[in-house]
$ cat my_file-v5.txt   # compact mmCIF, C-alpha atoms
# COMPACT_ATOMS: atom_id res chain seq x y z
CA MET A 265 10.26 31.97 -9.11
CA GLU A 266 10.74 29.76 -6.04
CA PRO A 267 10.85 26.06 -7.06
CA LYS A 268 8.40 24.83 -4.42
CA ARG A 269 6.33 21.68 -4.76
CA PRO A 270 2.64 21.60 -3.75
CA ARG A 271 1.93 20.91 -0.07
CA GLY A 272 1.22 17.29 0.74
CA THR A 273 3.27 15.93 -2.15
CA ARG A 274 6.81 14.61 -2.28
CA ASP A 275 9.65 14.26 -4.75
CA LEU A 276 11.21 10.82 -5.00
CA LEU A 277 14.87 11.15 -5.89
CA PRO A 278 16.58 7.98 -7.18
CA GLU A 279 17.46 6.49 -3.77
CA ASP A 280 13.94 7.06 -2.42
CA ALA A 281 12.39 5.81 -5.67
CA LEU A 282 14.41 2.59 -5.36
CA ARG A 283 13.07 2.08 -1.85
CA TYR A 284 9.51 2.53 -3.07
CA ARG A 285 10.23 0.18 -5.95
CA HIS A 286 11.52 -2.46 -3.52
CA VAL A 287 8.26 -2.29 -1.56
CA ILE A 288 6.09 -2.15 -4.69
CA ASP A 289 7.86 -5.11 -6.29
CA THR A 290 7.56 -7.17 -3.10
CA VAL A 291 3.84 -6.43 -2.77
CA LYS A 292 3.25 -7.10 -6.47
CA LYS A 293 4.86 -10.56 -6.21
CA VAL A 294 2.64 -11.42 -3.23
CA PHE A 295 -0.52 -10.27 -5.05
CA GLU A 296 0.34 -12.36 -8.08
CA SER A 297 1.21 -15.39 -5.94
CA PHE A 298 -2.42 -15.38 -4.74
CA GLY A 299 -3.75 -15.26 -8.32
CA PHE A 300 -4.53 -11.54 -8.58
CA ASP A 301 -4.12 -9.87 -11.99
CA GLU A 302 -3.18 -6.25 -12.54
CA ALA A 303 -5.75 -3.78 -13.85
CA GLU A 304 -5.56 0.02 -13.97
CA THR A 305 -8.22 2.73 -14.14
CA PRO A 306 -7.94 6.48 -14.94
CA VAL A 307 -6.90 8.95 -12.26
CA LEU A 308 -9.87 11.02 -13.40
CA GLU A 309 -13.44 9.91 -12.72
CA LEU A 310 -16.80 11.56 -13.24
CA TRP A 311 -17.75 13.59 -10.19
CA LYS A 312 -21.09 11.80 -9.80
CA ILE A 313 -19.26 8.44 -9.74
CA LEU A 314 -16.76 9.62 -7.13
CA ILE A 315 -19.35 10.95 -4.68
CA ALA A 316 -21.89 8.14 -5.14
CA LYS A 317 -21.11 6.47 -1.81
CA CYS A 318 -17.90 7.95 -0.42
CA GLY A 319 -19.35 9.80 2.58
CA GLU A 320 -19.52 13.49 3.38
CA GLU A 321 -16.07 13.66 5.03
CA VAL A 322 -14.35 12.15 1.99
CA GLU A 323 -16.42 14.20 -0.47
CA LYS A 324 -14.96 17.35 1.06
CA GLN A 325 -11.47 15.99 0.38
CA ILE A 326 -11.88 15.16 -3.32
CA PHE A 327 -10.00 17.38 -5.75
CA ARG A 328 -12.72 18.67 -8.09
CA LEU A 329 -11.52 19.86 -11.45
CA GLU A 330 -12.52 23.11 -13.10
CA GLY A 331 -15.92 22.71 -14.68
CA GLY A 332 -17.11 20.39 -11.94
CA GLU A 333 -17.78 17.26 -13.97
CA LEU A 334 -14.52 15.50 -13.10
CA GLY A 335 -12.45 14.81 -10.00
CA LEU A 336 -9.21 13.08 -9.03
CA ARG A 337 -9.75 9.60 -7.59
CA PHE A 338 -9.57 9.45 -3.79
CA ASP A 339 -9.00 5.69 -3.74
CA LEU A 340 -8.61 2.79 -6.18
CA THR A 341 -11.87 1.00 -5.30
CA VAL A 342 -14.44 3.27 -6.96
CA GLY A 343 -12.74 2.94 -10.36
CA LEU A 344 -12.74 -0.84 -10.00
CA ALA A 345 -16.44 -0.88 -9.08
CA ARG A 346 -17.23 1.25 -12.14
CA VAL A 347 -15.26 -1.10 -14.41
CA VAL A 348 -17.12 -4.15 -13.07
CA ALA A 349 -20.47 -2.35 -13.36
CA SER A 350 -19.77 -1.71 -17.04
CA ASN A 351 -18.30 -5.20 -17.60
CA PRO A 352 -20.59 -7.49 -15.56
CA THR A 353 -19.63 -10.63 -17.55
CA LEU A 354 -16.02 -10.61 -16.30
CA PRO A 355 -15.09 -14.14 -15.08
CA LYS A 356 -15.82 -14.54 -11.38
CA PRO A 357 -14.13 -14.32 -9.06
CA PHE A 358 -12.51 -11.28 -10.59
CA LYS A 359 -9.29 -10.89 -8.60
CA ARG A 360 -7.66 -7.59 -9.38
CA TYR A 361 -4.73 -5.66 -8.00
CA CYS A 362 -3.64 -2.11 -8.66
CA ILE A 363 -0.62 -0.22 -7.34
CA SER A 364 -0.95 3.46 -8.13
CA ARG A 365 -1.60 6.97 -6.81
CA ALA A 366 -4.66 8.65 -5.34
CA TRP A 367 -5.35 12.17 -4.04
CA ARG A 368 -7.18 13.78 -1.14
CA HIS A 369 -7.46 17.49 -0.43
CA GLU A 370 -6.80 17.38 3.30
CA GLU A 371 -4.36 18.99 5.70
CA PRO A 372 -0.98 17.25 5.28
CA GLN A 373 0.45 15.60 8.39
CA SER A 374 2.69 12.71 9.39
CA GLY A 375 1.61 9.62 7.48
CA ARG A 376 -1.08 11.50 5.55
CA LEU A 377 -0.21 13.16 2.25
CA ARG A 378 -2.42 14.75 -0.39
CA GLU A 379 -0.85 12.59 -3.08
CA PHE A 380 -0.20 9.04 -1.95
CA TRP A 381 0.53 5.55 -3.20
CA GLN A 382 -1.87 2.65 -2.58
CA ALA A 383 -1.68 -1.05 -3.37
CA ASP A 384 -5.12 -2.64 -3.63
CA ALA A 385 -6.15 -6.28 -3.86
CA ASP A 386 -9.87 -6.90 -4.47
CA ILE A 387 -12.02 -9.97 -4.99
CA VAL A 388 -15.26 -9.43 -6.90
CA GLY A 389 -18.08 -11.96 -7.15
CA VAL A 390 -17.63 -13.91 -3.90
CA ALA A 391 -20.24 -13.48 -1.15
CA SER A 392 -18.61 -15.84 1.35
CA MET A 393 -16.10 -14.80 4.00
CA GLU A 394 -13.46 -16.86 2.21
CA ALA A 395 -12.73 -13.79 0.08
CA ASP A 396 -12.33 -11.51 3.12
CA ALA A 397 -10.04 -14.05 4.80
CA GLU A 398 -7.93 -14.23 1.65
CA VAL A 399 -7.42 -10.48 1.20
CA LEU A 400 -6.35 -10.32 4.86
CA ALA A 401 -3.95 -13.20 4.21
CA VAL A 402 -2.54 -11.23 1.28
CA ALA A 403 -1.87 -8.21 3.52
CA VAL A 404 -0.25 -10.40 6.17
CA GLU A 405 2.02 -12.03 3.60
CA CYS A 406 3.02 -8.61 2.21
CA LEU A 407 4.09 -7.37 5.65
CA ARG A 408 5.96 -10.57 6.43
CA ARG A 409 7.80 -10.53 3.10
CA LEU A 410 8.86 -6.97 3.90
CA GLY A 411 10.25 -8.11 7.24
CA LEU A 412 7.47 -6.91 9.55
CA GLU A 413 6.10 -9.27 12.21
CA LYS A 414 4.86 -7.04 15.04
CA PHE A 415 1.44 -5.98 13.78
CA GLU A 416 -2.22 -6.70 14.42
CA LEU A 417 -5.32 -6.96 12.26
CA LYS A 418 -8.21 -4.98 13.70
CA ILE A 419 -11.57 -6.27 12.49
CA ASN A 420 -15.20 -5.24 12.91
CA ASN A 421 -18.38 -5.42 10.85
CA ARG A 422 -20.71 -2.69 9.66
CA LYS A 423 -23.58 -5.01 10.58
CA ILE A 424 -22.36 -5.00 14.18
CA LEU A 425 -22.07 -1.21 14.15
CA GLU A 426 -25.64 -0.97 12.88
CA ALA A 427 -26.75 -3.27 15.71
CA LEU A 428 -24.92 -1.12 18.27
CA ALA A 429 -26.55 1.99 16.84
CA ARG A 430 -30.01 0.40 17.09
CA LEU A 431 -29.34 -0.82 20.64
CA SER A 432 -28.28 2.74 21.53
CA GLU A 433 -31.52 4.08 20.00
CA VAL A 434 -29.74 6.01 17.27
CA PRO A 435 -32.28 6.90 14.53
CA GLU A 436 -31.55 4.96 11.33
CA GLU A 437 -31.05 8.15 9.35
CA LYS A 438 -28.25 9.03 11.81
CA PHE A 439 -26.37 5.72 11.54
CA LEU A 440 -23.74 7.07 9.17
CA ASP A 441 -23.30 10.17 11.32
CA ALA A 442 -22.56 7.92 14.28
CA PHE A 443 -20.09 5.81 12.26
CA ARG A 444 -18.27 8.90 11.01
CA ALA A 445 -17.86 10.12 14.58
CA ILE A 446 -16.63 6.72 15.81
CA ASP A 447 -14.16 6.56 12.90
CA LYS A 448 -12.31 9.51 14.43
CA MET A 449 -11.48 7.62 17.65
CA ASP A 450 -7.75 7.29 16.89
CA LYS A 451 -7.50 10.98 16.02
CA ILE A 452 -9.57 12.67 18.74
CA GLY A 453 -9.97 10.03 21.46
CA LEU A 454 -13.04 8.98 23.45
CA GLU A 455 -13.96 12.45 24.69
CA GLY A 456 -13.54 13.85 21.21
CA VAL A 457 -15.88 11.21 19.77
CA LYS A 458 -18.40 11.96 22.51
CA ALA A 459 -18.32 15.65 21.59
CA GLU A 460 -18.59 14.76 17.89
CA LEU A 461 -21.67 12.59 18.56
CA GLU A 462 -23.26 15.41 20.52
CA THR A 463 -22.53 17.82 17.67
CA ARG A 464 -24.30 15.42 15.31
CA GLY A 465 -27.42 15.44 17.52
CA LEU A 466 -26.73 12.16 19.37
CA LYS A 467 -26.15 13.44 22.89
CA GLU A 468 -28.65 11.07 24.52
CA GLN A 469 -27.29 8.03 22.68
CA ALA A 470 -23.59 8.83 23.12
CA LYS A 471 -23.01 7.24 26.56
CA LYS A 472 -24.55 3.88 25.66
CA LEU A 473 -22.91 3.76 22.24
CA LEU A 474 -19.48 4.55 23.66
CA SER A 475 -19.83 1.80 26.27
CA PHE A 476 -20.56 -0.71 23.50
CA ILE A 477 -17.60 0.25 21.31
CA SER A 478 -15.16 -0.26 24.20
CA ILE A 479 -15.17 -4.01 23.47
CA LYS A 480 -11.88 -5.11 21.94
CA GLY A 481 -9.54 -8.09 22.12
CA LYS A 482 -8.63 -11.31 20.37
CA VAL A 483 -11.65 -12.71 18.55
CA ASP A 484 -11.82 -15.98 20.48
CA GLU A 485 -11.41 -14.17 23.80
CA VAL A 486 -14.12 -11.49 23.42
CA ALA A 487 -16.58 -13.34 21.16
CA GLU A 488 -18.91 -14.28 24.05
CA GLU A 489 -18.97 -10.76 25.44
CA ALA A 490 -19.62 -9.43 21.94
CA ARG A 491 -22.45 -11.93 21.46
CA ARG A 492 -24.12 -10.81 24.70
CA VAL A 493 -24.02 -7.19 23.53
CA VAL A 494 -25.64 -7.80 20.12
CA GLU A 495 -27.96 -10.57 21.35
CA GLY A 496 -31.47 -10.04 20.03
CA ASP A 497 -30.32 -8.15 16.93
CA ASP A 498 -30.29 -10.60 14.01
CA VAL A 499 -28.14 -8.38 11.80
CA GLY A 500 -25.59 -7.90 14.58
CA ILE A 501 -25.43 -11.65 15.20
CA GLU A 502 -24.93 -12.20 11.48
CA GLY A 503 -22.03 -9.74 11.50
CA LEU A 504 -20.42 -11.48 14.47
CA LYS A 505 -20.79 -14.88 12.78
CA GLU A 506 -19.01 -13.49 9.71
CA ILE A 507 -16.09 -12.41 11.89
CA GLU A 508 -15.97 -15.81 13.57
CA THR A 509 -15.89 -17.46 10.14
CA ILE A 510 -12.98 -15.24 9.11
CA HIS A 511 -11.24 -16.19 12.37
CA ARG A 512 -11.62 -19.92 11.63
CA LEU A 513 -10.18 -19.40 8.15
CA ALA A 514 -7.39 -17.26 9.62
CA GLU A 515 -6.29 -20.25 11.68
CA VAL A 516 -5.69 -22.12 8.42
CA TYR A 517 -3.85 -19.16 6.89
CA GLY A 518 -1.77 -18.76 10.05
CA TYR A 519 -2.71 -15.24 11.19
CA ALA A 520 -5.52 -15.91 13.70
CA ASP A 521 -3.25 -14.77 16.57
CA LYS A 522 -3.08 -11.30 14.99
CA LEU A 523 -6.84 -10.89 14.51
CA MET A 524 -8.31 -8.40 17.02
CA LEU A 525 -12.04 -7.69 17.27
CA ASP A 526 -12.50 -3.96 17.87
CA PHE A 527 -16.04 -2.56 18.11
CA SER A 528 -14.68 1.00 17.74
CA LEU A 529 -13.36 0.32 14.22
CA ALA A 530 -15.69 2.05 11.76
CA ARG A 531 -13.74 3.06 8.60
CA GLY A 532 -14.74 6.37 7.06
CA LEU A 533 -16.14 5.29 3.71
CA ASP A 534 -19.91 4.88 3.45
CA TYR A 535 -19.75 2.09 0.87
CA TYR A 536 -18.75 -0.63 3.36
CA THR A 537 -21.48 -3.19 4.05
CA GLY A 538 -19.88 -6.04 6.04
CA PRO A 539 -16.52 -6.91 7.58
CA ILE A 540 -14.07 -4.00 7.82
CA PHE A 541 -10.43 -4.20 8.81
CA GLU A 542 -7.24 -2.25 9.44
CA VAL A 543 -3.63 -3.31 9.88
CA VAL A 544 -1.58 -1.46 12.50
CA VAL A 545 2.13 -1.92 13.19
CA GLU A 546 3.17 -2.09 16.85
CA GLY A 547 4.41 1.27 18.11
CA MET A 548 3.36 3.17 14.97
CA THR A 549 -0.33 3.91 15.58
CA GLY A 550 0.22 7.36 17.07
CA LYS A 551 2.86 8.28 14.49
CA LEU A 552 1.42 6.98 11.25
CA GLY A 553 -1.93 5.29 11.84
CA SER A 554 -2.83 2.09 10.02
CA VAL A 555 -0.67 0.79 7.17
CA ALA A 556 -3.57 -1.03 5.48
CA GLY A 557 -7.34 -1.10 5.56
CA GLY A 558 -10.37 -2.28 3.69
CA GLY A 559 -13.60 -4.22 3.88
CA ARG A 560 -16.62 -5.58 2.09
CA TYR A 561 -18.65 -3.37 -0.29
CA ASP A 562 -21.44 -5.54 -1.67
CA GLU A 563 -23.66 -2.68 -2.92
CA LEU A 564 -21.20 -0.33 -4.63
CA ILE A 565 -21.17 -2.01 -8.05
CA GLN A 566 -24.97 -1.98 -8.21
CA LEU A 567 -25.02 1.65 -7.05
CA LEU A 568 -22.81 2.55 -10.04
CA GLY A 569 -25.22 0.98 -12.52
CA GLY A 570 -24.21 -2.69 -12.57
CA PRO A 571 -25.96 -5.80 -11.25
CA HIS A 572 -25.70 -6.80 -7.60
CA ILE A 573 -22.21 -8.29 -7.32
CA PRO A 574 -20.52 -8.81 -3.93
CA ALA A 575 -16.97 -7.56 -3.46
CA THR A 576 -14.28 -7.11 -0.84
CA GLY A 577 -10.73 -5.82 -0.78
CA ILE A 578 -7.81 -4.36 1.11
CA SER A 579 -5.55 -1.40 0.43
CA LEU A 580 -1.96 -1.02 1.62
CA GLY A 581 -0.70 2.51 2.17
CA MET A 582 2.68 2.42 0.45
CA ASP A 583 3.95 5.74 1.83
CA ARG A 584 3.25 4.60 5.39
CA LEU A 585 4.75 1.19 4.76
CA VAL A 586 7.94 2.75 3.41
CA GLU A 587 8.15 5.02 6.45
CA VAL A 588 7.62 2.12 8.88
CA LEU A 589 10.30 0.10 7.11
CA ARG A 590 12.64 3.10 7.25
CA ILE A 591 12.10 3.48 11.00
CA GLU A 592 12.56 -0.27 11.51
CA GLY A 593 15.75 -0.27 9.42
CA LYS A 594 14.33 -2.78 6.94
CA LEU A 595 14.81 -0.88 3.69
CA PRO A 596 17.66 -1.85 1.33
CA SER A 597 20.60 0.56 1.28
CA ILE A 598 20.99 0.33 -2.50
CA LYS A 599 21.45 3.71 -4.22
CA THR A 600 21.27 2.62 -7.84
CA ARG A 601 20.54 -0.40 -10.00
CA THR A 602 23.57 0.32 -12.15
CA LYS A 603 26.00 -2.56 -11.60
CA VAL A 604 29.15 -1.19 -13.21
CA PHE A 605 30.65 2.07 -14.44
CA VAL A 606 32.82 1.64 -17.52
CA ALA A 607 35.62 4.18 -17.10
CA ALA A 608 37.82 5.26 -20.03
CA VAL A 609 41.38 6.13 -18.97
CA SER A 610 41.76 8.47 -21.94
CA GLU A 611 39.84 9.90 -24.90
CA ASP A 612 41.51 7.51 -27.36
CA VAL A 613 39.80 4.48 -25.72
CA LYS A 614 36.40 6.07 -25.24
CA LEU A 615 34.83 4.29 -28.22
CA GLU A 616 36.12 0.97 -26.90
CA ALA A 617 34.53 1.80 -23.53
CA LEU A 618 31.20 2.43 -25.28
CA LYS A 619 31.45 -0.94 -27.09
CA ILE A 620 32.19 -2.71 -23.80
CA ALA A 621 29.25 -1.01 -22.09
CA SER A 622 26.96 -2.10 -24.96
CA LYS A 623 28.19 -5.69 -24.63
CA LEU A 624 27.51 -5.62 -20.86
CA ARG A 625 23.97 -4.41 -21.44
CA GLU A 626 23.37 -7.14 -24.01
CA GLU A 627 24.34 -9.61 -21.29
CA GLY A 628 21.84 -8.06 -18.88
CA VAL A 629 24.35 -6.06 -16.83
CA ALA A 630 23.29 -2.45 -16.14
CA ALA A 631 26.24 -0.28 -17.17
CA GLU A 632 26.97 3.44 -17.30
CA VAL A 633 29.73 5.30 -19.14
CA ASP A 634 31.24 8.74 -18.74
CA LEU A 635 29.49 11.42 -20.81
CA MET A 636 31.51 14.40 -19.59
CA SER A 637 35.08 13.56 -20.66
CA ARG A 638 36.30 13.50 -17.07
CA LYS A 639 39.67 12.25 -15.89
CA LEU A 640 39.80 8.75 -14.41
CA ASP A 641 39.91 9.89 -10.76
CA ARG A 642 36.78 12.02 -11.27
CA GLN A 643 35.00 9.11 -12.96
CA LEU A 644 35.81 6.84 -10.02
CA LYS A 645 34.68 9.48 -7.53
CA TYR A 646 31.37 9.71 -9.41
CA THR A 647 31.06 5.91 -9.33
CA ASP A 648 31.60 5.93 -5.57
CA THR A 649 29.17 8.80 -4.95
CA LYS A 650 26.40 7.07 -6.89
CA GLY A 651 26.93 3.80 -5.04
CA ILE A 652 27.75 1.83 -8.20
CA PRO A 653 29.40 -1.35 -6.84
CA TYR A 654 31.94 -1.92 -9.64
CA ALA A 655 34.09 0.04 -12.06
CA LEU A 656 35.49 -1.51 -15.22
CA ILE A 657 38.55 0.49 -16.24
CA VAL A 658 39.45 0.60 -19.94
CA GLY A 659 43.02 1.62 -20.77
CA ARG A 660 45.18 1.36 -23.91
CA LYS A 661 47.76 -0.86 -22.18
CA GLU A 662 45.08 -3.22 -20.82
CA LEU A 663 43.33 -3.43 -24.19
CA SER A 664 46.60 -4.37 -25.94
CA GLN A 665 46.73 -7.40 -23.59
CA GLY A 666 43.05 -8.26 -24.11
CA MET A 667 42.36 -7.35 -20.47
CA LEU A 668 40.40 -4.84 -18.36
CA ARG A 669 40.71 -3.68 -14.76
CA LEU A 670 37.71 -4.57 -12.59
CA ARG A 671 37.47 -2.64 -9.34
CA ASP A 672 35.25 -3.53 -6.37
CA MET A 673 34.34 -0.05 -5.14
CA GLU A 674 33.40 -1.14 -1.63
CA LYS A 675 36.38 -3.40 -0.95
CA ARG A 676 38.81 -1.15 -2.87
CA LEU A 677 40.20 -4.20 -4.66
CA GLU A 678 41.23 -4.47 -8.29
CA LYS A 679 42.01 -7.38 -10.60
CA MET A 680 42.86 -7.84 -14.25
CA VAL A 681 40.15 -9.75 -16.10
CA ARG A 682 39.00 -10.56 -19.61
CA LEU A 683 35.65 -9.08 -20.60
CA GLU A 684 33.90 -12.47 -20.51
CA ASP A 685 35.19 -13.07 -16.97
CA ALA A 686 34.07 -9.59 -15.90
CA ILE A 687 30.60 -10.38 -17.23
CA LYS A 688 30.44 -13.59 -15.20
CA ILE A 689 31.47 -11.76 -12.02
CA LEU A 690 29.02 -8.92 -12.62
CA LYS A 691 26.22 -11.40 -13.31
CA GLU A 692 27.29 -13.17 -10.10
CA GLU A 693 27.97 -16.37 -12.00
CA ALA A 694 31.56 -16.42 -10.76
CA SER A 695 33.21 -15.35 -7.51
CA TRP A 696 35.44 -12.32 -7.27

$ encode --input "my_file-v5.txt" --output "structure tokens"
Amino acid sequence: MEPKRPRGTRDLLPEDALRYRHVIDTVKKVFESFGFDEAETPVLELWKILIAKCGEEVEKQIFRLEGGELGLRFDLTVGLARVVASNPTLPKPFKRYCISRAWRHEEPQSGRLREFWQADADIVGVASMEADAEVLAVAVECLRRLGLEKFELKINNRKILEALARLSEVPEEKFLDAFRAIDKMDKIGLEGVKAELETRGLKEQAKKLLSFISIKGKVDEVAEEARRVVEGDDVGIEGLKEIETIHRLAEVYGYADKLMLDFSLARGLDYYTGPIFEVVVEGMTGKLGSVAGGGRYDELIQLLGGPHIPATGISLGMDRLVEVLRIEGKLPSIKTRTKVFVAAVSEDVKLEALKIASKLREEGVAAEVDLMSRKLDRQLKYTDTKGIPYALIVGRKELSQGMLRLRDMEKRLEKMVRLEDAIKILKEEASW
């Protein structure tokens, strides 16, 4: 048997897992600093729940389990909406975050896996744009804490897209078809979208619609042009006002300079009802696409059987973020969280080495001991290979003096220390 993993998945060996953990822990701290609480939902959902408002393109990508009643979640939002629908008395706003995996049965490519990590922050129960501005602020803070500064926030509104469709004389029943075609702009380009619109029976409307979606730029710079385009369509004007409100709030949060109005932004999920947004890192769009995206979905909870409760949220693509950070050289080089390897010089001191390792762990110092009865030089080579920063060498002579040898593996320096002093150094409470 060939030990192959399924296409579109990846193995995370310890060094890679530590890098993911660094990003996850950073994002988690940001979420919690904004008052979001963690909540998890099953990876399995009823098929009818999953397809309720995902859109035909996404429905094709859902892994459907044998029997047909269940499927693997394709995002973390549908599960949240179901939970709120079945628990409508949750205190509002309900601010939830979830960092977990989702699955899509699509062709694997750079930045797009079949199994992927997402980090979602959602605000349920707030109709005002203050919630949308806050989830964008959360995403901005996550990227900044990870060391990324060169990025932009693309924003649009489904209400504006509906106005553009009406102004282009797209039949209402074809609105979603038009949005799905526009959503492919980054993948297939303008000519590709034109061909897609024609395929969907919108050949006559394509030219006008494509001229409208060419509007893009900083919100305060293109707002007047955008207003002229949607003038006369009340829903479109409402959508533009929502974006302008978010922009005013963004000035307070400190990210208004990164907010870019882009009429070609559509987002592929059918459940969006208002502002939609994506975060793209400079120089990475062609390689990886957006690193975050989301929007307002005011009707999804009601669609799944709950009362009408407004909601909005953003999702960070952890796999893409890790890759961007790797390219930018902003990932930690740590190989292990083990702080010290306790090395026994000989078999007759092995039990003492185990006692010392136990004492280190009691003090909060991650320690490993030799389990293979190797000679000292092999133990030290193992310590070096694993990237463990210190070795604490236990020998009969040293023990008779109440001392141990502490070695800094990077500096190749050694010193004789008492166990209590070694603990202080390893806990970074004392200098080397």

$ closest_atom_pairs --input "my_file-v5.txt" --of "stretch 379-418 of chain A" --to "stretch 299-304 of chain A" --cutoff "9 Å" --atoms "all atoms listed in the file" --output "Markdown table"
| residue | atom | partner | partner_atom | distance |
| --- | --- | --- | --- | --- |
| A:Ala385 | CA | A:Phe300 | CA | 7.3 |
| A:Asp386 | CA | A:Phe300 | CA | 8.2 |
| A:Ile387 | CA | A:Phe300 | CA | 8.5 |

$ closest_atom_pairs --input "my_file-v5.txt" --of "stretch 510-591 of chain A" --to "stretch 435-443 of chain A" --cutoff "12 Å" --atoms "all atoms listed in the file" --output "Markdown table"
| residue | atom | partner | partner_atom | distance |
| --- | --- | --- | --- | --- |
| A:Phe527 | CA | A:Phe443 | CA | 11.0 |
| A:Ser528 | CA | A:Phe443 | CA | 9.1 |
| A:Leu529 | CA | A:Phe443 | CA | 8.9 |
| A:Ala530 | CA | A:Phe443 | CA | 5.8 |
| A:Arg531 | CA | A:Phe443 | CA | 7.8 |
| A:Gly532 | CA | A:Phe443 | CA | 7.5 |
| A:Leu533 | CA | A:Phe443 | CA | 9.4 |
| A:Asp534 | CA | A:Leu440 | CA | 7.2 |
| A:Tyr535 | CA | A:Leu440 | CA | 10.5 |
| A:Tyr536 | CA | A:Leu440 | CA | 10.9 |
| A:Thr537 | CA | A:Leu440 | CA | 11.7 |

$ closest_residue --input "my_file-v5.txt" --among "A:Val609, A:Leu461, A:Leu618, A:Ile424" --to "A:Ile479" --atoms "only C-alpha atoms"
A:Ile424

$ residues_around --input "my_file-v5.txt" --residues "stretch 689-695 of chain A" --least-positions-apart "2" --cutoff "10 Å" --atoms "only C-alpha atoms" --output "PyMOL selection string"
chain A and resi 603-604+624+627-630+653-654+670+681+683-687

$ residues_around --input "my_file-v5.txt" --residues "A:Met582" --least-positions-apart "3" --cutoff "7 Å" --atoms "all atoms listed in the file" --output "PDB file with C-alpha atoms, in the frame of the given file"
ATOM      1  CA  TRP A 381       0.530   5.550  -3.200  1.00  0.00           C
ATOM      2  CA  GLN A 382      -1.870   2.650  -2.580  1.00  0.00           C
ATOM      3  CA  ALA A 383      -1.680  -1.050  -3.370  1.00  0.00           C
ATOM      4  CA  LEU A 585       4.750   1.190   4.760  1.00  0.00           C
ATOM      5  CA  VAL A 586       7.940   2.750   3.410  1.00  0.00           C
TER       6      VAL A 586
END

$ atom_distance --input "my_file-v5.txt" --atom1 "atom CA of A:Leu677" --atom2 "atom CA of A:Asp641"
15.4 Å

$ residues_around --input "my_file-v5.txt" --residues "stretch 546-561 of chain A" --least-positions-apart "2" --cutoff "7 Å" --atoms "all atoms listed in the file" --output "mmCIF file with C-alpha atoms, in the frame of the given file"
data_model
loop_
_atom_site.group_PDB
_atom_site.id
_atom_site.type_symbol
_atom_site.label_atom_id
_atom_site.label_comp_id
_atom_site.auth_asym_id
_atom_site.auth_seq_id
_atom_site.Cartn_x
_atom_site.Cartn_y
_atom_site.Cartn_z
ATOM 1 C CA SER A 374 2.690 12.710 9.390
ATOM 2 C CA GLY A 375 1.610 9.620 7.480
ATOM 3 C CA LYS A 414 4.860 -7.040 15.040
ATOM 4 C CA PHE A 415 1.440 -5.980 13.780
ATOM 5 C CA TYR A 535 -19.750 2.090 0.870
ATOM 6 C CA TYR A 536 -18.750 -0.630 3.360
ATOM 7 C CA THR A 537 -21.480 -3.190 4.050
ATOM 8 C CA GLY A 538 -19.880 -6.040 6.040
ATOM 9 C CA PRO A 539 -16.520 -6.910 7.580
ATOM 10 C CA ILE A 540 -14.070 -4.000 7.820
ATOM 11 C CA PHE A 541 -10.430 -4.200 8.810
ATOM 12 C CA GLU A 542 -7.240 -2.250 9.440
ATOM 13 C CA VAL A 543 -3.630 -3.310 9.880
ATOM 14 C CA VAL A 544 -1.580 -1.460 12.500
ATOM 15 C CA GLU A 563 -23.660 -2.680 -2.920
ATOM 16 C CA LEU A 564 -21.200 -0.330 -4.630
ATOM 17 C CA PRO A 574 -20.520 -8.810 -3.930
ATOM 18 C CA ALA A 575 -16.970 -7.560 -3.460
ATOM 19 C CA THR A 576 -14.280 -7.110 -0.840
ATOM 20 C CA GLY A 577 -10.730 -5.820 -0.780
ATOM 21 C CA ILE A 578 -7.810 -4.360 1.110
ATOM 22 C CA SER A 579 -5.550 -1.400 0.430
ATOM 23 C CA LEU A 580 -1.960 -1.020 1.620
ATOM 24 C CA GLY A 581 -0.700 2.510 2.170
ATOM 25 C CA ARG A 584 3.250 4.600 5.390
ATOM 26 C CA LEU A 585 4.750 1.190 4.760
#

$ closest_residue --input "my_file-v5.txt" --among "A:Gln325, A:Arg638, A:Glu320, A:Met524" --to "A:Glu371" --atoms "only C-alpha atoms"
A:Gln325

$ atom_distance --input "my_file-v5.txt" --atom1 "atom CA of A:Ala316" --atom2 "atom CA of A:Arg337"
12.5 Å
